[in-house]
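Below: the structure, in structure tokens.
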Amino acid sequence: FSLFDGHLYMKNRWAQTVTVRYEQERGLRKLGETCKGTFAVNVQKQFKLNRDELWAKLHTTAFMSAIFKPKGGFGADKKIEAGLVAEQSEGDTLTVTTVNAASYSVRVKVEGKGEENANKSVVTIMLMSAQKKDGAPACALRFDHADLPTEEERNRRRVEWKDVLAELEKQLK
């Protein structure tokens, strides 16, 4: 809040938060629903690596296979780069559209197969620097999945991305 000309004003972000919460309380918007009527989910986990170390791990075949889950696996020569396509056994096709090393992010287009799942959504994979209280390096790996068509799909993707993070954590141990 800020005081201007004797009136109390809300900053845009706070106004949006209050509006969304109001709509959820009144049953006008479901949890995770966006203003477009689609759904979004984000899941993240913190790892005891710095951002550069985790970025390098992200590009290994084991990490890529855990994230993209391609039918038949990836060959050792595969890299996360624009144009990389992974066909999944569940029927989804994942296509890397952007890799930005400067911002430590990857954007992936997800296309579902079949009439009931013929949706298109977008996943942004981000690495965010952090630091533990003891000064040790840390980095959060985050999946933001947007433009999901239903609440059920949102819930399914939440579980899926949490499972991916658990698998990646296992690989780091």
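Labels used: A, B, ... for chains in the order of the structure tokens, numbers from 1 for residues in each chain, and numbers from 1 for ligands as shown.
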Residue contacts of Ala138 in chain A (8 Å, only C-alpha atoms) excluding same-chain residues fewer than 2 positions away, as an NGL selection string: :A and (46-51 or 129-132 or 136 or 140)
Selection near Phe68 in chain A, 10 Å with only C-alpha atoms, sequence-local residues under 6 positions removed, as a PyMOL selection string: chain A and resi 74+85-88+92-96+108+164
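For the choices A:Ile80, A:Val18, A:Glu111, A:Gly75, the atom-to-atom distance to Ala56 in chain A is smallest for A:Ile80 when using only C-alpha atoms.
Shortest atom-to-atom contact with Gly72 in chain A among A:Thr97, A:Leu58, A:Val110, A:Ser89: A:Ser89, counting only C-alpha atoms.
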Near-Glu167 in chain A list (10 Å; only C-alpha atoms; drop same-chain fewer than 6 positions) as number ranges by chain: A: 62-63, 66-67, 161
Could you turn the residues from that selection into a file that holds C-alpha atoms, as a compact mmCIF listing (two decimals), in the first residue's frame?
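What follows is the written file result-v1.txt:
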# COMPACT_ATOMS: atom_id res chain seq x y z
CA ALA A 62 20.41 -38.75 -17.29
CA PHE A 63 18.85 -35.42 -16.27
CA ALA A 66 14.27 -37.73 -16.31
CA ILE A 67 12.75 -34.44 -17.46
CA TRP A 161 6.82 -32.52 -12.09
Those in range 6-171 of chain A with strand (DSSP E) from DSSP, as a VMD selection string: chain A and resid 7 to 9 39 to 47 85 to 87 93 to 100 105 to 111 120 to 131 137 to 148
Include N, CA and C atoms and write out the residues we just selected as a short mmCIF file (atom, residue, chain, number, x, y, z; two decimals), in the first residue's frame.
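The new file out31.cif reads:
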data_model
loop_
_atom_site.label_atom_id
_atom_site.label_comp_id
_atom_site.auth_asym_id
_atom_site.auth_seq_id
_atom_site.Cartn_x
_atom_site.Cartn_y
_atom_site.Cartn_z
N HIS A 7 -4.98 9.44 -0.20
CA HIS A 7 -5.71 8.21 -0.51
C HIS A 7 -4.76 7.02 -0.41
N LEU A 8 -5.32 5.91 -0.06
CA LEU A 8 -4.55 4.68 0.05
C LEU A 8 -4.61 3.93 -1.28
N TYR A 9 -3.45 3.65 -1.89
CA TYR A 9 -3.40 2.94 -3.16
C TYR A 9 -2.70 1.60 -2.98
N PHE A 39 -5.26 -23.25 -16.83
CA PHE A 39 -4.67 -23.52 -15.52
C PHE A 39 -3.15 -23.51 -15.60
N ALA A 40 -2.53 -23.25 -14.47
CA ALA A 40 -1.07 -23.23 -14.39
C ALA A 40 -0.64 -23.89 -13.09
N VAL A 41 0.56 -24.44 -13.11
CA VAL A 41 1.13 -25.05 -11.92
C VAL A 41 2.63 -24.76 -11.91
N ASN A 42 3.18 -24.55 -10.73
CA ASN A 42 4.64 -24.45 -10.63
C ASN A 42 5.11 -25.28 -9.45
N VAL A 43 6.21 -25.94 -9.68
CA VAL A 43 6.79 -26.84 -8.69
C VAL A 43 8.29 -26.57 -8.68
N GLN A 44 8.88 -26.52 -7.49
CA GLN A 44 10.32 -26.29 -7.43
C GLN A 44 10.94 -27.04 -6.27
N LYS A 45 12.25 -27.25 -6.40
CA LYS A 45 13.02 -27.92 -5.36
C LYS A 45 14.40 -27.29 -5.31
N GLN A 46 14.91 -27.17 -4.11
CA GLN A 46 16.24 -26.58 -3.93
C GLN A 46 17.29 -27.69 -3.85
N PHE A 47 18.40 -27.46 -4.55
CA PHE A 47 19.51 -28.41 -4.57
C PHE A 47 20.75 -27.74 -4.00
N VAL A 85 13.28 -32.50 -29.80
CA VAL A 85 11.93 -33.05 -29.70
C VAL A 85 11.99 -34.37 -28.95
N ALA A 86 11.06 -34.56 -28.03
CA ALA A 86 10.96 -35.83 -27.30
C ALA A 86 9.53 -36.32 -27.37
N GLU A 87 9.34 -37.50 -27.95
CA GLU A 87 8.04 -38.16 -27.96
C GLU A 87 7.96 -38.99 -26.69
N THR A 93 4.18 -34.74 -26.99
CA THR A 93 5.40 -34.38 -27.70
C THR A 93 5.94 -33.10 -27.07
N LEU A 94 7.19 -33.15 -26.61
CA LEU A 94 7.83 -31.98 -26.01
C LEU A 94 8.85 -31.44 -26.98
N THR A 95 8.77 -30.14 -27.26
CA THR A 95 9.70 -29.49 -28.17
C THR A 95 10.35 -28.31 -27.47
N VAL A 96 11.66 -28.32 -27.37
CA VAL A 96 12.38 -27.19 -26.77
C VAL A 96 12.32 -26.04 -27.77
N THR A 97 11.78 -24.90 -27.33
CA THR A 97 11.67 -23.74 -28.22
C THR A 97 12.76 -22.71 -27.95
N THR A 98 13.20 -22.59 -26.70
CA THR A 98 14.21 -21.60 -26.34
C THR A 98 15.11 -22.13 -25.23
N VAL A 99 16.40 -21.91 -25.37
CA VAL A 99 17.37 -22.17 -24.30
C VAL A 99 18.11 -20.87 -24.09
N ASN A 100 18.03 -20.33 -22.87
CA ASN A 100 18.68 -19.06 -22.57
C ASN A 100 19.68 -19.28 -21.45
N SER A 105 17.38 -20.58 -18.28
CA SER A 105 16.00 -21.02 -18.49
C SER A 105 15.83 -21.75 -19.81
N VAL A 106 14.84 -22.63 -19.83
CA VAL A 106 14.50 -23.41 -21.02
C VAL A 106 12.99 -23.37 -21.16
N ARG A 107 12.49 -23.07 -22.38
CA ARG A 107 11.05 -23.10 -22.65
C ARG A 107 10.75 -24.31 -23.53
N VAL A 108 9.68 -25.01 -23.16
CA VAL A 108 9.32 -26.24 -23.85
C VAL A 108 7.83 -26.19 -24.21
N LYS A 109 7.52 -26.46 -25.47
CA LYS A 109 6.13 -26.55 -25.91
C LYS A 109 5.70 -28.00 -25.74
N VAL A 110 4.52 -28.20 -25.14
CA VAL A 110 3.98 -29.54 -24.91
C VAL A 110 2.72 -29.69 -25.75
N GLU A 111 2.69 -30.71 -26.59
CA GLU A 111 1.50 -30.98 -27.39
C GLU A 111 1.00 -32.37 -27.04
N LYS A 120 -2.35 -27.77 -26.05
CA LYS A 120 -0.98 -27.28 -26.15
C LYS A 120 -0.72 -26.45 -24.91
N SER A 121 0.42 -26.70 -24.31
CA SER A 121 0.80 -25.95 -23.12
C SER A 121 2.29 -25.65 -23.19
N VAL A 122 2.76 -24.86 -22.24
CA VAL A 122 4.15 -24.43 -22.25
C VAL A 122 4.75 -24.65 -20.86
N VAL A 123 5.96 -25.20 -20.84
CA VAL A 123 6.70 -25.37 -19.59
C VAL A 123 7.94 -24.50 -19.66
N THR A 124 8.17 -23.74 -18.60
CA THR A 124 9.42 -23.01 -18.47
C THR A 124 10.20 -23.66 -17.33
N ILE A 125 11.43 -24.05 -17.63
CA ILE A 125 12.31 -24.65 -16.63
C ILE A 125 13.32 -23.57 -16.26
N MET A 126 13.38 -23.22 -14.97
CA MET A 126 14.26 -22.14 -14.53
C MET A 126 15.15 -22.60 -13.39
N LEU A 127 16.34 -22.04 -13.35
CA LEU A 127 17.25 -22.24 -12.22
C LEU A 127 17.39 -20.90 -11.51
N MET A 128 17.15 -20.90 -10.21
CA MET A 128 17.22 -19.66 -9.44
C MET A 128 18.24 -19.80 -8.33
N SER A 129 19.18 -18.87 -8.29
CA SER A 129 20.21 -18.90 -7.25
C SER A 129 19.61 -18.68 -5.88
N ALA A 130 20.23 -19.32 -4.92
CA ALA A 130 19.83 -19.14 -3.53
C ALA A 130 21.08 -19.34 -2.69
N GLN A 131 20.96 -19.10 -1.43
CA GLN A 131 22.08 -19.37 -0.53
C GLN A 131 21.51 -19.86 0.79
N PRO A 137 26.27 -22.79 -1.14
CA PRO A 137 25.52 -22.48 -2.36
C PRO A 137 24.29 -23.37 -2.48
N ALA A 138 23.28 -22.85 -3.13
CA ALA A 138 22.07 -23.61 -3.39
C ALA A 138 21.42 -23.05 -4.65
N CYS A 139 20.63 -23.87 -5.27
CA CYS A 139 19.93 -23.45 -6.49
C CYS A 139 18.59 -24.14 -6.54
N ALA A 140 17.55 -23.39 -6.85
CA ALA A 140 16.22 -23.97 -6.99
C ALA A 140 15.98 -24.27 -8.46
N LEU A 141 15.49 -25.47 -8.73
CA LEU A 141 15.07 -25.87 -10.07
C LEU A 141 13.55 -25.79 -10.07
N ARG A 142 13.00 -25.01 -11.00
CA ARG A 142 11.56 -24.74 -10.99
C ARG A 142 10.96 -25.06 -12.35
N PHE A 143 9.79 -25.70 -12.31
CA PHE A 143 9.00 -25.96 -13.51
C PHE A 143 7.72 -25.14 -13.42
N ASP A 144 7.51 -24.24 -14.38
CA ASP A 144 6.26 -23.49 -14.51
C ASP A 144 5.53 -24.03 -15.72
N HIS A 145 4.39 -24.65 -15.51
CA HIS A 145 3.63 -25.24 -16.61
C HIS A 145 2.34 -24.45 -16.77
N ALA A 146 2.18 -23.79 -17.92
CA ALA A 146 1.05 -22.89 -18.16
C ALA A 146 0.17 -23.39 -19.31
N ASP A 147 -1.00 -22.78 -19.42
CA ASP A 147 -1.96 -23.05 -20.50
C ASP A 147 -2.51 -24.47 -20.45
N LEU A 148 -2.68 -25.01 -19.26
CA LEU A 148 -3.29 -26.33 -19.11
C LEU A 148 -4.81 -26.18 -19.21
#
Chain A: residues DSSP assigns to alpha helix (DSSP H), reported as number ranges by chain: A: 12-25, 51-58, 61-68, 151-172
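Note that CA of Gly73 in chain A and CA of Asn119 in chain A are 23.9 Å apart.
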Point-to-point distance from CA of Glu25 in chain A to CA of Arg157 in chain A, Å rounded to tenths: 24.0 Å
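The interatomic distance for the pair CA of His59 in chain A and CA of Ala166 in chain A works out to 17.3 Å.
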From A:Glu160, A:Glu152, A:Glu90, A:Asp52, residue lying nearest Pro70 in chain A [only C-alpha atoms]: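 Between A:Glu160, A:Glu152, A:Glu90, A:Asp52, the residue approaching Pro70 in chain A most closely is A:Glu90.
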Given only C-alpha atoms as the counted atoms, nearest of A:Leu31, A:Met64, A:Arg21, A:Ser103 to Leu165 in chain A: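 Of A:Leu31, A:Met64, A:Arg21, A:Ser103, the one nearest Leu165 in chain A, counting only C-alpha atoms, is A:Met64.
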